[in-house]
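Chemist: One structure, as structure tokens, below. Some questions next.
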Amino acid sequence: MEEEMEAGVVKKFMYVNRKQPYGTVYALEVLEMVLISAAFDQDVHLVFTDDGVLQLKKNMATEGIGMKNFSKTYRALEGYDIEKLYVDQESLDERGLTEDDLLVDVQVVSRAEMAKLMDQMDVVLSA
Amino acid sequence: MEEEMEAGVVKKFMYVNRKQPYGTVYALEVLEMVLISAAFDQDVHLVFTDDGVLQLKKNMATEGIGMKNFSKTYRALEGYDIEKLYVDQESLDERGLTEDDLLVDVQVVSRAEMAKLMDQMDVVLSA
Amino acid sequence: MKFAVLVNEGPFNHQASDSAYQFVKAALSKGHQIFRVFFYYDGVYNASKLSEPPTDDRNVVANWGKLAEEHKLDLVVCVAAALRRGIKDENLAAGFRISGLGQLIEAGIQADRLVTFGD
Amino acid sequence: MKFAVLVNEGPFNHQASDSAYQFVKAALSKGHQIFRVFFYYDGVYNASKLSEPPTDDRNVVANWGKLAEEHKLDLVVCVAAALRRGIKDENLAAGFRISGLGQLIEAGIQADRLVTFGD
Amino acid sequence: MSQLHTVSKSPFERTNLQSCLKLATPGSAILLYEDAVIGAMQGTSMADAVAAAAKTFSLHVLGPDLAARGLDAAKVVPGVKVVDYAGFVDLAAEASAVQAWC
Amino acid sequence: MSQLHTVSKSPFERTNLQSCLKLATPGSAILLYEDAVIGAMQGTSMADAVAAAAKTFSLHVLGPDLAARGLDAAKVVPGVKVVDYAGFVDLAAEASAVQAWC
């Protein structure tokens, strides 16, 4: 299969999450991409910036809007060896959030650090 | 038909255009709504605010993007007795435009006047 | 009171159709009447009977159909918007009908309030 | 150079698919190779063979199909995104095929550049 | 009787709420729902502007959308009222017309 | 070699361009296309900010999208380069990667 054809090629993939969960489907469908790229043994980075930091908020309760709470999936990422999660401090600050509000461990970086990291990527998928 | 059933009922309809043409389909599909409401003999108002003022820009040339230039339709509105077109001065100013840039006659009003007008409507359809 | 509802986004990509559905349910619970739910722009995709969401999530298309059956709702898909986007009688979900934009204007005239969901 | 292209919006509602089409044509004209065009999110609606736009406007679905035929392009629609939105083999337009998200990741690995159009 | 203005997109992402605040007449009702609910929270960089708006308008936020996003309804900007879908219906019924800013 | 950043939505409507300018590294190429092209014009309320950005980044705008909207390519902010789709392809080819801000 393709997986074998690609053996050995490892690229730096980055998923840039800039939107809230639920208001649009992007957060959910990005997770599907992320899980597949892990299966291809790529070097996967997840960035949460702007409203994307809200994807990681603790205590989501979606019964009232009739949609599935998929925030557990972020906790499962570790099991797929996806451990490079970055959040920028400025986006948290603007939204009145702190690291304690987030349901998974992330590296909190400055916008300047995030910019530098982005520039090193081979493939950037954003939503 | 329904048209006859409604005879006599005239409501103030307002179409609020806030988006550019071409980047999305809203401008084009709003025009389809506008033409139908004229056929129902309603009191039709068109408002162009924010990026919506760009829908009325002269000299559109869409060959390069492969899409149909539908700006002629705005000129045809008069033929359907749709003559209440409003643009707010502030939106023009922000985009460096003047009334001379527009391809149809409109009433240029202040935002305060536009706000007052909106508040008098029975049905508001926005995009 | 008589409400009309306009849904302008497709299912899944935006929450608009979900919010409209919750609004309609709440209005019915309070004894209001829903004159019509009209689907325009990408909203016409809400009427695709081929839509198969994951089984552990809500089914937007089916939910509308069920609600329509229970409360005799009139769910109308704009024919022009639908033709462009590939929604036709052959893939139209149960509970929906395809008709002209005049049905939206009529809803605006007949209903006491028209409430729009989505861009 | 080898390009891969990702289209994330449906036809008509957003310009994204039109821009992607123009980009692909320009890249081919310059002698570049298009490894794959992948359709995700609402982008899967670009593959609906039932789409019938007004005859005086461009036909986005047909344009992709023709370009694919002329240049042997690989147009791939994401199966998960498509199932949710009601795009299946029975309404799949000519020139497109339905496959997994792995095809996108593979395109990211194989192509020199991946260029995304639309939200 | 004045209008109900609804805003569904995040004020951090789009300018819809800004436009709405410019064009709504004082005393009108405004409802923030879907992604717009973040705009109702205390402690954000726009909380002061929202608190000021709450003095001019009758500002509301949809509770189920707050809860879905893990946002605490007890921590909305003072003056903003939390409603459920039934409250949304009431707001629409009480208004002269409903204008969506998306 | 640095990235190409693409922005397609209007900076009057969304905050994408702002976010892009905050996270692109100096010297990167930025292309405004589709509704974003209004951001490249002289005389707008954001023209000064865009002129400043044109000193830090290699700023481009897509000509066919300007023409479609009736905007005069001769009146873009000084320092912004007008390209066609072939130029868009070149920018993508010359970049280390392409990042879409939508």
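Residues are named by chain letter and number: chains run A, B, ... in the order of the structure tokens, numbers start at 1 in each chain, and ligands are numbered from 1 in the order shown.
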Give as an NGL selection string every residue of chain C that touches chain E within 12 Å, counting only C-alpha atoms.
Modeler: :C and (1-9 or 14-34 or 108 or 111-119)
Chemist: Any idea which chain A residues end up within 7 Å of chain D if we count only C-alpha atoms, as a ChimeraX atom specification please?
Modeler: /A:11,33,36-37,123,127
Chemist: Would you put the residues from that selection into a file with N, CA, C and O atoms, as an mmCIF file, in the first residue's frame?
Modeler:
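Here's the written file out.cif:
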data_model
loop_
_atom_site.group_PDB
_atom_site.id
_atom_site.type_symbol
_atom_site.label_atom_id
_atom_site.label_comp_id
_atom_site.auth_asym_id
_atom_site.auth_seq_id
_atom_site.Cartn_x
_atom_site.Cartn_y
_atom_site.Cartn_z
ATOM 1 N N LYS A 11 8.035 13.950 6.884
ATOM 2 C CA LYS A 11 7.959 15.397 6.738
ATOM 3 C C LYS A 11 7.377 16.017 8.000
ATOM 4 O O LYS A 11 6.666 15.370 8.760
ATOM 5 N N MET A 33 -7.823 14.328 10.150
ATOM 6 C CA MET A 33 -6.573 14.435 9.368
ATOM 7 C C MET A 33 -5.370 14.115 10.237
ATOM 8 O O MET A 33 -4.438 13.427 9.817
ATOM 9 N N ILE A 36 -4.811 10.413 10.855
ATOM 10 C CA ILE A 36 -4.310 9.707 9.681
ATOM 11 C C ILE A 36 -2.827 10.006 9.457
ATOM 12 O O ILE A 36 -2.043 9.113 9.110
ATOM 13 N N SER A 37 -2.431 11.247 9.667
ATOM 14 C CA SER A 37 -1.018 11.547 9.395
ATOM 15 C C SER A 37 -0.112 10.850 10.404
ATOM 16 O O SER A 37 1.038 10.521 10.099
ATOM 17 N N VAL A 123 4.751 20.936 5.485
ATOM 18 C CA VAL A 123 3.361 20.927 5.038
ATOM 19 C C VAL A 123 2.507 21.572 6.132
ATOM 20 O O VAL A 123 2.578 21.155 7.296
ATOM 21 N N ALA A 127 -7.081 25.559 9.443
ATOM 22 C CA ALA A 127 -8.534 25.690 9.465
ATOM 23 C C ALA A 127 -8.923 26.643 10.582
ATOM 24 O O ALA A 127 -8.262 26.731 11.581
#
Chemist: Find the residues of chain E in contact range of chain A, meaning any atom within 10 Å when counting only C-alpha atoms, and list them as number ranges by chain.
Modeler: E: 8-13, 33-36, 38-39, 41-47, 63-72, 84-85
Chemist: What are the coordinates of chain F as a compact mmCIF listing (two decimals) with N, CA and C atoms, in the first residue's frame following a least-squares fit to chain E on all in-order C-alpha atoms?
Modeler:
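Heads up, here's the output in selection_16.txt:
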# COMPACT_ATOMS: atom_id res chain seq x y z
N MET F 1 -41.36 49.07 20.27
CA MET F 1 -40.82 47.76 19.95
C MET F 1 -39.65 47.93 18.99
N SER F 2 -38.49 47.39 19.33
CA SER F 2 -37.36 47.48 18.41
C SER F 2 -36.91 46.08 18.01
N GLN F 3 -35.85 46.03 17.21
CA GLN F 3 -35.42 44.76 16.64
C GLN F 3 -34.63 43.88 17.61
N LEU F 4 -34.62 42.57 17.26
CA LEU F 4 -33.65 41.66 17.86
C LEU F 4 -32.54 41.46 16.83
N HIS F 5 -31.31 41.69 17.24
CA HIS F 5 -30.15 41.44 16.38
C HIS F 5 -29.46 40.17 16.87
N THR F 6 -29.20 39.25 15.95
CA THR F 6 -28.51 38.02 16.35
C THR F 6 -27.12 37.98 15.74
N VAL F 7 -26.15 37.52 16.54
CA VAL F 7 -24.76 37.43 16.08
C VAL F 7 -24.27 36.02 16.42
N SER F 8 -23.78 35.29 15.40
CA SER F 8 -23.39 33.90 15.64
C SER F 8 -21.89 33.65 15.46
N LYS F 9 -21.16 34.59 14.88
CA LYS F 9 -19.74 34.34 14.63
C LYS F 9 -18.88 35.02 15.70
N SER F 10 -17.72 34.47 15.95
CA SER F 10 -16.83 34.99 16.98
C SER F 10 -16.37 36.40 16.67
N PRO F 11 -16.49 37.30 17.65
CA PRO F 11 -15.99 38.67 17.45
C PRO F 11 -14.46 38.73 17.38
N PHE F 12 -13.78 37.62 17.71
CA PHE F 12 -12.33 37.57 17.52
C PHE F 12 -11.98 37.20 16.08
N GLU F 13 -12.95 36.65 15.37
CA GLU F 13 -12.69 36.14 14.02
C GLU F 13 -13.28 37.03 12.94
N ARG F 14 -14.44 37.62 13.26
CA ARG F 14 -15.14 38.44 12.26
C ARG F 14 -15.56 39.76 12.86
N THR F 15 -15.93 40.68 12.00
CA THR F 15 -16.30 42.02 12.45
C THR F 15 -17.82 42.19 12.59
N ASN F 16 -18.56 41.09 12.51
CA ASN F 16 -20.04 41.16 12.55
C ASN F 16 -20.57 41.87 13.79
N LEU F 17 -20.02 41.53 14.96
CA LEU F 17 -20.53 42.15 16.19
C LEU F 17 -20.28 43.66 16.16
N GLN F 18 -19.08 44.05 15.72
CA GLN F 18 -18.78 45.48 15.58
C GLN F 18 -19.80 46.17 14.69
N SER F 19 -20.09 45.58 13.54
CA SER F 19 -21.05 46.18 12.61
C SER F 19 -22.43 46.26 13.25
N CYS F 20 -22.80 45.20 13.93
CA CYS F 20 -24.10 45.16 14.61
C CYS F 20 -24.19 46.29 15.62
N LEU F 21 -23.15 46.47 16.41
CA LEU F 21 -23.19 47.51 17.45
C LEU F 21 -23.27 48.91 16.83
N LYS F 22 -22.73 49.06 15.63
CA LYS F 22 -22.78 50.36 14.96
C LYS F 22 -24.18 50.64 14.38
N LEU F 23 -24.89 49.59 13.99
CA LEU F 23 -26.14 49.81 13.26
C LEU F 23 -27.41 49.46 14.04
N ALA F 24 -27.26 48.89 15.23
CA ALA F 24 -28.45 48.63 16.05
C ALA F 24 -28.82 49.94 16.77
N THR F 25 -30.11 50.19 16.89
CA THR F 25 -30.52 51.41 17.60
C THR F 25 -30.49 51.15 19.11
N PRO F 26 -30.13 52.19 19.89
CA PRO F 26 -30.06 52.02 21.34
C PRO F 26 -31.35 51.43 21.89
N GLY F 27 -31.22 50.51 22.84
CA GLY F 27 -32.39 49.87 23.40
C GLY F 27 -32.76 48.56 22.72
N SER F 28 -32.19 48.31 21.54
CA SER F 28 -32.48 47.05 20.85
C SER F 28 -31.90 45.87 21.62
N ALA F 29 -32.51 44.71 21.39
CA ALA F 29 -31.97 43.48 21.97
C ALA F 29 -30.93 42.88 21.02
N ILE F 30 -29.86 42.34 21.60
CA ILE F 30 -28.82 41.65 20.83
C ILE F 30 -28.59 40.30 21.48
N LEU F 31 -28.57 39.25 20.67
CA LEU F 31 -28.29 37.90 21.19
C LEU F 31 -27.01 37.36 20.57
N LEU F 32 -26.06 36.98 21.43
CA LEU F 32 -24.85 36.30 20.98
C LEU F 32 -25.07 34.80 21.11
N TYR F 33 -24.88 34.05 20.01
CA TYR F 33 -25.02 32.60 20.10
C TYR F 33 -23.96 31.94 19.21
N GLU F 34 -23.93 30.61 19.21
CA GLU F 34 -22.87 29.84 18.53
C GLU F 34 -21.50 30.42 18.92
N ASP F 35 -20.60 30.58 17.94
CA ASP F 35 -19.23 31.02 18.27
C ASP F 35 -19.16 32.43 18.85
N ALA F 36 -20.23 33.20 18.73
CA ALA F 36 -20.21 34.57 19.25
C ALA F 36 -20.21 34.62 20.77
N VAL F 37 -20.55 33.52 21.44
CA VAL F 37 -20.72 33.57 22.90
C VAL F 37 -19.43 33.93 23.63
N ILE F 38 -18.28 33.66 23.02
CA ILE F 38 -17.02 34.04 23.67
C ILE F 38 -16.98 35.54 23.94
N GLY F 39 -17.67 36.31 23.13
CA GLY F 39 -17.72 37.77 23.30
C GLY F 39 -18.41 38.21 24.58
N ALA F 40 -19.17 37.31 25.21
CA ALA F 40 -19.91 37.68 26.42
C ALA F 40 -19.13 37.44 27.70
N MET F 41 -17.94 36.84 27.58
CA MET F 41 -17.22 36.42 28.79
C MET F 41 -16.40 37.54 29.44
N GLN F 42 -16.33 37.48 30.74
CA GLN F 42 -15.43 38.34 31.50
C GLN F 42 -13.97 37.97 31.20
N GLY F 43 -13.10 38.96 31.34
CA GLY F 43 -11.67 38.67 31.28
C GLY F 43 -11.08 38.63 29.88
N THR F 44 -11.91 38.77 28.85
CA THR F 44 -11.35 38.79 27.49
C THR F 44 -10.91 40.21 27.15
N SER F 45 -10.17 40.33 26.06
CA SER F 45 -9.67 41.65 25.66
C SER F 45 -10.79 42.56 25.17
N MET F 46 -11.97 42.00 24.94
CA MET F 46 -13.08 42.88 24.52
C MET F 46 -14.17 43.02 25.59
N ALA F 47 -13.90 42.53 26.79
CA ALA F 47 -14.92 42.55 27.84
C ALA F 47 -15.37 43.97 28.19
N ASP F 48 -14.45 44.92 28.19
CA ASP F 48 -14.84 46.30 28.53
C ASP F 48 -15.79 46.88 27.49
N ALA F 49 -15.46 46.64 26.22
CA ALA F 49 -16.33 47.13 25.15
C ALA F 49 -17.72 46.49 25.24
N VAL F 50 -17.75 45.21 25.59
CA VAL F 50 -19.03 44.51 25.70
C VAL F 50 -19.82 45.03 26.91
N ALA F 51 -19.12 45.29 28.01
CA ALA F 51 -19.79 45.85 29.19
C ALA F 51 -20.40 47.21 28.86
N ALA F 52 -19.68 48.01 28.08
CA ALA F 52 -20.21 49.31 27.66
C ALA F 52 -21.45 49.11 26.78
N ALA F 53 -21.38 48.15 25.86
CA ALA F 53 -22.51 47.88 24.96
C ALA F 53 -23.74 47.43 25.75
N ALA F 54 -23.49 46.70 26.85
CA ALA F 54 -24.60 46.19 27.67
C ALA F 54 -25.38 47.33 28.32
N LYS F 55 -24.80 48.53 28.34
CA LYS F 55 -25.52 49.68 28.90
C LYS F 55 -26.41 50.34 27.85
N THR F 56 -26.06 50.19 26.59
CA THR F 56 -26.82 50.80 25.49
C THR F 56 -27.88 49.85 24.95
N PHE F 57 -27.54 48.54 24.94
CA PHE F 57 -28.43 47.54 24.35
C PHE F 57 -28.86 46.53 25.41
N SER F 58 -29.89 45.79 25.07
CA SER F 58 -30.31 44.69 25.94
C SER F 58 -29.57 43.43 25.46
N LEU F 59 -28.45 43.15 26.10
CA LEU F 59 -27.52 42.16 25.59
C LEU F 59 -27.78 40.78 26.21
N HIS F 60 -27.85 39.75 25.34
CA HIS F 60 -28.12 38.38 25.79
C HIS F 60 -27.10 37.42 25.21
N VAL F 61 -26.95 36.27 25.86
CA VAL F 61 -26.06 35.22 25.35
C VAL F 61 -26.76 33.88 25.55
N LEU F 62 -26.54 32.96 24.60
CA LEU F 62 -27.24 31.67 24.65
C LEU F 62 -26.48 30.68 25.54
N GLY F 63 -27.11 30.28 26.65
CA GLY F 63 -26.49 29.38 27.62
C GLY F 63 -26.01 28.05 27.05
N PRO F 64 -26.82 27.34 26.26
CA PRO F 64 -26.36 26.05 25.73
C PRO F 64 -25.07 26.16 24.90
N ASP F 65 -24.89 27.29 24.20
CA ASP F 65 -23.66 27.47 23.44
C ASP F 65 -22.46 27.78 24.35
N LEU F 66 -22.70 28.46 25.46
CA LEU F 66 -21.64 28.66 26.46
C LEU F 66 -21.22 27.30 27.02
N ALA F 67 -22.20 26.52 27.46
CA ALA F 67 -21.92 25.22 28.09
C ALA F 67 -21.15 24.30 27.14
N ALA F 68 -21.57 24.28 25.87
CA ALA F 68 -20.91 23.41 24.90
C ALA F 68 -19.43 23.72 24.81
N ARG F 69 -19.10 25.00 24.94
CA ARG F 69 -17.70 25.44 24.80
C ARG F 69 -16.97 25.46 26.14
N GLY F 70 -17.60 24.94 27.18
CA GLY F 70 -16.93 24.90 28.49
C GLY F 70 -16.81 26.26 29.13
N LEU F 71 -17.64 27.21 28.72
CA LEU F 71 -17.59 28.56 29.27
C LEU F 71 -18.65 28.70 30.36
N ASP F 72 -18.25 29.31 31.48
CA ASP F 72 -19.07 29.35 32.69
C ASP F 72 -20.08 30.51 32.62
N ALA F 73 -21.37 30.15 32.61
CA ALA F 73 -22.44 31.15 32.49
C ALA F 73 -22.43 32.12 33.66
N ALA F 74 -21.78 31.72 34.78
CA ALA F 74 -21.71 32.61 35.94
C ALA F 74 -20.67 33.72 35.72
N LYS F 75 -19.87 33.56 34.68
CA LYS F 75 -18.78 34.52 34.47
C LYS F 75 -18.96 35.37 33.22
N VAL F 76 -20.21 35.65 32.87
CA VAL F 76 -20.41 36.55 31.73
C VAL F 76 -20.29 37.99 32.24
N VAL F 77 -20.04 38.87 31.31
CA VAL F 77 -19.90 40.29 31.61
C VAL F 77 -21.17 40.79 32.31
N PRO F 78 -21.02 41.57 33.40
CA PRO F 78 -22.19 42.07 34.12
C PRO F 78 -23.12 42.84 33.17
N GLY F 79 -24.40 42.58 33.29
CA GLY F 79 -25.36 43.25 32.42
C GLY F 79 -25.81 42.37 31.26
N VAL F 80 -25.05 41.29 30.97
CA VAL F 80 -25.44 40.37 29.90
C VAL F 80 -26.33 39.28 30.50
N LYS F 81 -27.48 39.05 29.89
CA LYS F 81 -28.41 38.04 30.40
C LYS F 81 -28.24 36.72 29.66
N VAL F 82 -28.20 35.62 30.42
CA VAL F 82 -28.07 34.29 29.81
C VAL F 82 -29.47 33.73 29.55
N VAL F 83 -29.71 33.28 28.31
CA VAL F 83 -31.02 32.69 27.96
C VAL F 83 -30.82 31.31 27.34
N ASP F 84 -31.89 30.51 27.33
CA ASP F 84 -31.86 29.24 26.61
C ASP F 84 -32.63 29.42 25.28
N TYR F 85 -32.84 28.31 24.54
CA TYR F 85 -33.52 28.45 23.26
C TYR F 85 -34.93 29.02 23.42
N ALA F 86 -35.60 28.66 24.51
CA ALA F 86 -36.94 29.22 24.75
C ALA F 86 -36.85 30.73 24.94
N GLY F 87 -35.77 31.18 25.60
CA GLY F 87 -35.56 32.61 25.77
C GLY F 87 -35.27 33.30 24.44
N PHE F 88 -34.56 32.60 23.56
CA PHE F 88 -34.28 33.08 22.20
C PHE F 88 -35.62 33.29 21.48
N VAL F 89 -36.51 32.31 21.60
CA VAL F 89 -37.83 32.42 20.98
C VAL F 89 -38.59 33.63 21.54
N ASP F 90 -38.54 33.81 22.85
CA ASP F 90 -39.22 34.96 23.47
C ASP F 90 -38.67 36.28 22.93
N LEU F 91 -37.34 36.37 22.84
CA LEU F 91 -36.72 37.59 22.34
C LEU F 91 -37.20 37.89 20.92
N ALA F 92 -37.29 36.84 20.10
CA ALA F 92 -37.74 37.03 18.72
C ALA F 92 -39.21 37.47 18.69
N ALA F 93 -40.00 36.87 19.58
CA ALA F 93 -41.43 37.21 19.62
C ALA F 93 -41.64 38.65 20.08
N GLU F 94 -40.81 39.09 20.98
CA GLU F 94 -40.97 40.44 21.54
C GLU F 94 -40.44 41.54 20.62
N ALA F 95 -39.62 41.16 19.63
CA ALA F 95 -38.99 42.16 18.76
C ALA F 95 -39.92 42.54 17.61
N SER F 96 -39.65 43.70 16.99
CA SER F 96 -40.43 44.10 15.82
C SER F 96 -40.01 43.29 14.60
N ALA F 97 -38.75 42.89 14.58
CA ALA F 97 -38.20 42.07 13.50
C ALA F 97 -36.88 41.50 13.99
N VAL F 98 -36.39 40.47 13.31
CA VAL F 98 -35.14 39.85 13.72
C VAL F 98 -34.12 40.02 12.60
N GLN F 99 -32.99 40.58 12.93
CA GLN F 99 -31.94 40.80 11.94
C GLN F 99 -30.71 39.98 12.30
N ALA F 100 -30.27 39.13 11.35
CA ALA F 100 -29.12 38.26 11.59
C ALA F 100 -27.85 38.90 11.05
N TRP F 101 -26.84 38.99 11.89
CA TRP F 101 -25.54 39.50 11.46
C TRP F 101 -24.57 38.36 11.22
N CYS F 102 -25.07 37.14 11.33
CA CYS F 102 -24.32 35.91 11.12
C CYS F 102 -23.16 35.77 12.10
Chemist: Between CA of Phe12 (chain D) and CA of Leu50 (chain D), measure the distance and give it in Å to one decimal.
Modeler: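 It comes out at 14.0 Å.
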Chemist: What separation in Å, quoted to one decimal, exists between CA of Ala38 (chain A) and CA of Ala76 (chain A)?
Modeler: 12.3 Å
Chemist: Mind checking which residues fall within 10 Å of Glu69 (chain C), counting only C-alpha atoms, ignoring those fewer than 5 positions away in the same chain, and posting them as a VMD selection string?
Modeler: chain C and resid 63 to 64 74 94 to 95
Chemist: So that I have them on file, write out the residues from the current selection with N, CA, C and O atoms, as a PDB file, in the first residue's frame.
Modeler:
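Generated file (again.pdb):
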ATOM      1  N   ASN C  63     -33.056  14.437  11.461  1.00  0.00           N
ATOM      2  CA  ASN C  63     -33.728  15.168  12.539  1.00  0.00           C
ATOM      3  C   ASN C  63     -34.782  16.130  12.006  1.00  0.00           C
ATOM      4  O   ASN C  63     -35.881  16.225  12.540  1.00  0.00           O
ATOM      5  N   TRP C  64     -34.426  16.844  10.940  1.00  0.00           N
ATOM      6  CA  TRP C  64     -35.405  17.752  10.325  1.00  0.00           C
ATOM      7  C   TRP C  64     -36.623  16.964   9.818  1.00  0.00           C
ATOM      8  O   TRP C  64     -37.766  17.367  10.009  1.00  0.00           O
ATOM      9  N   ASP C  74     -43.598  22.517   7.232  1.00  0.00           N
ATOM     10  CA  ASP C  74     -43.389  22.708   5.801  1.00  0.00           C
ATOM     11  C   ASP C  74     -41.917  23.070   5.579  1.00  0.00           C
ATOM     12  O   ASP C  74     -41.497  24.192   5.850  1.00  0.00           O
ATOM     13  N   ALA C  94     -36.768  12.705   2.903  1.00  0.00           N
ATOM     14  CA  ALA C  94     -38.179  12.700   3.304  1.00  0.00           C
ATOM     15  C   ALA C  94     -38.475  13.923   4.161  1.00  0.00           C
ATOM     16  O   ALA C  94     -37.656  14.321   4.987  1.00  0.00           O
ATOM     17  N   GLY C  95     -39.645  14.506   3.946  1.00  0.00           N
ATOM     18  CA  GLY C  95     -40.060  15.645   4.757  1.00  0.00           C
ATOM     19  C   GLY C  95     -39.807  16.987   4.093  1.00  0.00           C
ATOM     20  O   GLY C  95     -40.344  18.003   4.530  1.00  0.00           O
TER      21      GLY C  95
END
Chemist: DSSP on the backbone: what in chain C comes out alpha helix (DSSP H), as a PyMOL selection string?
Modeler: chain C and resi 16-29+60-71+79-85+102-110
Chemist: May I ask you to extract the residues of chain C within 9 Å of chain D, using only C-alpha atoms, and to give them as a ChimeraX atom specification?
Modeler: /C:10-13,41-42,45-46,48-54,59,80-88,91
Chemist: Any idea what's packed within 12 Å of Asp81 (chain B), counting only C-alpha atoms, ignoring anything in its chain fewer than 6 positions away? Could you give it as a list in words?
Modeler: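 So the residues in contact are Val34, Leu35, Ser37, Ala38, Ala39, Phe40, Asp41, Gln42, Asp43, Val44, His45, Tyr74 and Arg75 of chain B.
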Chemist: Which value, in Å to one decimal, gives the distance between CA of Val25 (chain A) and CA of Val44 (chain C)?
Modeler: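 For CA of Val25 (chain A) relative to CA of Val44 (chain C), the distance reads 17.5 Å.
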Chemist: Using the chain letters and numbers from this document, which residues of region 51-81 of chain E does DSSP assign to strand (DSSP E or B), as an MDAnalysis selection string?
Modeler: chainID E and resid 58:62 76 81
